[in-house]
>>> print(open('start-v5.cif').read())   # mmCIF, C-alpha atoms
data_work
loop_
_atom_site.group_PDB
_atom_site.id
_atom_site.type_symbol
_atom_site.label_atom_id
_atom_site.label_comp_id
_atom_site.auth_asym_id
_atom_site.auth_seq_id
_atom_site.Cartn_x
_atom_site.Cartn_y
_atom_site.Cartn_z
ATOM 1 C CA MET A 50 22.809 -34.176 1.849
ATOM 2 C CA THR A 51 21.475 -31.824 -0.773
ATOM 3 C CA ASP A 52 20.617 -28.340 0.447
ATOM 4 C CA THR A 53 18.557 -26.735 -2.319
ATOM 5 C CA LYS A 54 18.993 -23.149 -1.118
ATOM 6 C CA ASN A 55 22.636 -23.059 -0.080
ATOM 7 C CA LYS A 56 25.421 -25.577 0.008
ATOM 8 C CA ASN A 57 25.860 -25.411 3.780
ATOM 9 C CA THR A 58 23.729 -25.579 6.925
ATOM 10 C CA SER A 59 24.977 -22.456 8.661
ATOM 11 C CA GLY A 60 22.364 -19.949 7.403
ATOM 12 C CA VAL A 61 22.008 -16.417 8.663
ATOM 13 C CA ASN A 62 22.936 -16.452 12.349
ATOM 14 C CA GLY A 63 23.326 -20.249 12.085
ATOM 15 C CA SER A 64 19.660 -20.849 11.255
ATOM 16 C CA PRO A 65 18.592 -23.295 8.530
ATOM 17 C CA GLU A 66 15.483 -21.153 7.904
ATOM 18 C CA GLY A 67 14.357 -21.333 4.272
ATOM 19 C CA ARG A 68 16.439 -24.386 3.401
ATOM 20 C CA VAL A 69 15.308 -27.714 1.973
ATOM 21 C CA PHE A 70 17.336 -30.837 2.698
ATOM 22 C CA GLN A 71 17.060 -33.941 0.559
ATOM 23 C CA PRO A 72 19.105 -36.571 2.395
ATOM 24 C CA GLY A 73 20.941 -39.167 0.352
ATOM 25 C CA SER A 74 21.557 -41.631 3.191
ATOM 26 C CA PHE A 75 20.246 -42.638 6.596
ATOM 27 C CA ASN A 76 23.024 -40.658 8.333
ATOM 28 C CA GLU A 77 22.206 -37.520 6.336
ATOM 29 C CA LEU A 78 18.513 -37.963 7.164
ATOM 30 C CA ALA A 79 19.332 -38.360 10.869
ATOM 31 C CA GLU A 80 21.407 -35.153 10.666
ATOM 32 C CA ALA A 81 18.564 -33.266 8.939
ATOM 33 C CA VAL A 82 16.065 -34.503 11.545
ATOM 34 C CA GLU A 83 18.391 -33.312 14.340
ATOM 35 C CA LEU A 84 18.542 -29.872 12.693
ATOM 36 C CA ALA A 85 14.744 -29.863 12.442
ATOM 37 C CA PHE A 86 14.405 -30.944 16.085
ATOM 38 C CA ASP A 87 16.646 -28.069 17.226
ATOM 39 C CA TYR A 88 14.864 -25.604 14.925
ATOM 40 C CA ARG A 89 12.410 -23.192 16.591
ATOM 41 C CA GLY A 90 10.040 -22.898 13.677
ATOM 42 C CA ASP A 91 7.818 -25.086 11.532
ATOM 43 C CA VAL A 92 9.203 -27.574 9.069
ATOM 44 C CA MET A 93 7.652 -29.316 6.096
ATOM 45 C CA VAL A 94 8.312 -33.024 5.860
ATOM 46 C CA SER A 95 7.872 -34.345 2.321
ATOM 47 C CA LEU A 96 7.138 -38.041 2.146
ATOM 48 C CA LYS A 97 8.120 -40.464 -0.588
ATOM 49 C CA SER A 98 4.383 -41.001 -1.177
ATOM 50 C CA GLY A 99 4.100 -37.364 -2.312
ATOM 51 C CA GLU A 100 2.321 -36.174 0.841
ATOM 52 C CA SER A 101 3.701 -33.147 2.717
ATOM 53 C CA ILE A 102 3.171 -32.464 6.408
ATOM 54 C CA SER A 103 3.877 -29.001 7.794
ATOM 55 C CA GLY A 104 4.264 -28.448 11.526
ATOM 56 C CA TYR A 105 6.523 -28.378 14.546
ATOM 57 C CA LEU A 106 8.847 -31.347 15.035
ATOM 58 C CA PHE A 107 8.845 -32.092 18.768
ATOM 59 C CA ASN A 108 10.347 -35.573 19.115
ATOM 60 C CA ARG A 109 12.522 -38.087 17.319
ATOM 61 C CA GLN A 110 13.847 -41.564 18.009
ATOM 62 C CA VAL A 111 16.867 -42.920 16.180
ATOM 63 C CA SER A 112 17.072 -46.700 16.364
ATOM 64 C CA GLY A 113 18.013 -48.119 12.977
ATOM 65 C CA SER A 114 15.067 -49.235 10.853
ATOM 66 C CA ASP A 115 12.623 -48.305 13.659
ATOM 67 C CA SER A 116 13.640 -44.610 13.616
ATOM 68 C CA TYR A 117 10.840 -42.048 13.541
ATOM 69 C CA LEU A 118 10.001 -38.416 14.206
ATOM 70 C CA GLU A 119 6.898 -36.892 15.727
ATOM 71 C CA ILE A 120 5.341 -33.666 14.551
ATOM 72 C CA PHE A 121 2.483 -31.369 15.576
ATOM 73 C CA PRO A 122 0.864 -30.739 12.168
ATOM 74 C CA SER A 123 -0.187 -27.138 11.526
ATOM 75 C CA ASP A 124 -3.624 -28.238 10.324
ATOM 76 C CA SER A 125 -4.479 -30.763 13.047
ATOM 77 C CA SER A 126 -4.586 -31.147 16.814
ATOM 78 C CA GLU A 127 -3.365 -34.754 16.556
ATOM 79 C CA THR A 128 0.349 -35.540 16.581
ATOM 80 C CA ARG A 129 1.787 -37.543 13.734
ATOM 81 C CA ARG A 130 4.559 -40.161 13.826
ATOM 82 C CA ILE A 131 6.592 -40.542 10.634
ATOM 83 C CA ARG A 132 9.131 -43.299 10.035
ATOM 84 C CA TYR A 133 12.494 -42.156 8.657
ATOM 85 C CA ASP A 134 12.199 -44.518 5.685
ATOM 86 C CA GLN A 135 9.086 -42.571 4.534
ATOM 87 C CA ILE A 136 10.881 -39.187 4.387
ATOM 88 C CA ALA A 137 12.053 -37.707 1.078
ATOM 89 C CA ALA A 138 12.926 -34.143 2.208
ATOM 90 C CA ILE A 139 12.740 -31.702 5.107
ATOM 91 C CA ALA A 140 12.126 -27.996 4.465
ATOM 92 C CA PHE A 141 12.623 -25.339 7.135
ATOM 93 C CA THR A 142 9.569 -23.289 6.204
ATOM 94 C CA GLY A 143 8.578 -21.421 9.372
ATOM 95 C CA GLU A 144 10.299 -18.410 10.871
ATOM 96 C CA ASP A 145 13.050 -19.341 13.318
ATOM 97 C CA THR A 146 11.688 -17.476 16.330
ATOM 98 C CA ALA A 147 15.050 -17.424 18.104
ATOM 99 C CA THR A 148 17.174 -16.048 15.248
ATOM 100 C CA GLY A 149 19.394 -13.283 16.561
ATOM 101 C CA LYS A 150 18.393 -13.897 20.153
ATOM 102 C CA SER A 151 21.542 -14.965 21.916
ATOM 103 C CA TRP A 152 22.406 -15.405 25.566
ATOM 104 C CA GLU A 153 24.630 -12.329 25.395
ATOM 105 C CA THR A 154 21.750 -10.222 24.077
ATOM 106 C CA TRP A 155 19.485 -11.448 26.863
ATOM 107 C CA VAL A 156 22.107 -10.739 29.552
ATOM 108 C CA SER A 157 22.732 -7.256 28.156
ATOM 109 C CA LYS A 158 18.997 -6.484 28.136
ATOM 110 C CA LYS A 159 18.548 -7.716 31.716
ATOM 111 C CA ASP A 160 21.583 -5.732 32.876
ATOM 112 C CA SER A 161 20.149 -2.590 31.290
ATOM 113 C CA GLU A 162 16.753 -3.214 32.919
ATOM 114 C CA ARG A 163 18.438 -3.661 36.324
ATOM 115 C CA ARG A 164 20.369 -0.386 35.957
ATOM 116 C CA ILE A 165 17.166 1.488 35.106
ATOM 117 C CA GLU A 166 15.415 -0.041 38.128
ATOM 118 C CA VAL A 167 18.333 0.900 40.439
ATOM 119 C CA GLU A 168 18.214 4.483 39.151
ATOM 120 C CA ARG A 169 14.431 4.616 39.673
ATOM 121 C CA VAL A 170 14.665 3.291 43.245
ATOM 122 C CA ALA A 171 17.545 5.676 44.046
ATOM 123 C CA ALA A 172 15.537 8.654 42.726
ATOM 124 C CA GLU A 173 12.523 7.643 44.849
ATOM 125 C CA ALA A 174 14.774 7.255 47.906
ATOM 126 C CA LYS A 175 16.210 10.747 47.364
ATOM 127 C CA ILE A 176 12.698 12.226 47.086
ATOM 128 C CA ARG A 177 11.773 10.568 50.392
ATOM 129 C CA GLY A 178 14.987 11.818 51.990
ATOM 130 C CA ILE A 179 16.380 8.320 52.575
ATOM 131 C CA LEU A 180 19.492 8.948 50.462
#
>>> encode(input="start-v5.cif", output="structure tokens")
Amino acid sequence: MTDTKNKNTSGVNGSPEGRVFQPGSFNELAEAVELAFDYRGDVMVSLKSGESISGYLFNRQVSGSDSYLEIFPSDSSETRRIRYDQIAAIAFTGEDTATGKSWETWVSKKDSERRIEVERVAAEAKIRGIL
């Protein structure tokens, strides 16, 4: 698979944001579609006909020649189904909204919020003479 920005798919914090993949085989296309499905931003799907569709990829079905993806186009309220054999390239154009947001960061934030709440409740209890 050709990655026109970098020669890998790891990106900053593991995100493919800003990359364009031009698959050379069905397996490479399936891999690129999986990356796009897991991506939390918009992608641009370039078709062999020259048309480009930008939007959020929300579904895909891999079943040989009947494989397709489904996308919510940015400029329409109707979903669009695109067969794999129509796809020339997939670009990760939208911001990856989850970049840098890991489970560890979330846990740390929640732990900090809990400590602040405990301190607040303890201070109120002391004022009331409970503690």
>>> closest_atom_pairs(input="start-v5.cif", of="range 57-101 of chain A", to="range 128-132 of chain A", cutoff="12 Å", atoms="all atoms listed in the file", output="JSON lines")
{"residue": "A:Phe75", "atom": "CA", "partner": "A:Arg132", "partner_atom": "CA", "distance": 11.7}
{"residue": "A:Leu78", "atom": "CA", "partner": "A:Arg132", "partner_atom": "CA", "distance": 11.2}
{"residue": "A:Ala79", "atom": "CA", "partner": "A:Arg132", "partner_atom": "CA", "distance": 11.4}
{"residue": "A:Val82", "atom": "CA", "partner": "A:Ile131", "partner_atom": "CA", "distance": 11.3}
{"residue": "A:Val94", "atom": "CA", "partner": "A:Ile131", "partner_atom": "CA", "distance": 9.1}
{"residue": "A:Ser95", "atom": "CA", "partner": "A:Ile131", "partner_atom": "CA", "distance": 10.4}
{"residue": "A:Leu96", "atom": "CA", "partner": "A:Ile131", "partner_atom": "CA", "distance": 8.9}
{"residue": "A:Lys97", "atom": "CA", "partner": "A:Arg132", "partner_atom": "CA", "distance": 11.0}
{"residue": "A:Glu100", "atom": "CA", "partner": "A:Ile131", "partner_atom": "CA", "distance": 11.5}
{"residue": "A:Ser101", "atom": "CA", "partner": "A:Ile131", "partner_atom": "CA", "distance": 11.2}
>>> residues_around(input="start-v5.cif", residues="range 138-145 of chain A", least_positions_apart="3", cutoff="8 Å", atoms="all atoms listed in the file", output="MDAnalysis selection string")
chainID A and resid 64:72 81:82 85 88:96 148
>>> axis_aligned_box(input="start-v5.cif", around="range 61-75 of chain A", padding_each_side="4 Å", output="JSON")
{"center_x": 18.8, "center_y": -29.5, "center_z": 6.4, "size_x": 17.0, "size_y": 34.2, "size_z": 20.0}
>>> atom_distance(input="start-v5.cif", atom1="CA of Ser123 in chain A", atom2="CA of Ile102 in chain A")
8.1 Å
>>> closest_residue(input="start-v5.cif", among="A:Tyr133, A:Leu106, A:Val156, A:Gly99", to="Phe121 in chain A", atoms="only C-alpha atoms")
A:Leu106
>>> atom_distance(input="start-v5.cif", atom1="CA of Asn76 in chain A", atom2="CA of Gln110 in chain A")
13.4 Å
>>> atom_distance(input="start-v5.cif", atom1="CA of Ser157 in chain A", atom2="CA of Arg169 in chain A")
18.5 Å
>>> residues_around(input="start-v5.cif", residues="Ser98 in chain A", least_positions_apart="4", cutoff="9 Å", atoms="only C-alpha atoms", output="MDAnalysis selection string")
chainID A and resid 135:137
>>> closest_residue(input="start-v5.cif", among="A:Trp152, A:Asp160, A:Val111, A:Glu127", to="Glu80 in chain A", atoms="only C-alpha atoms")
A:Val111
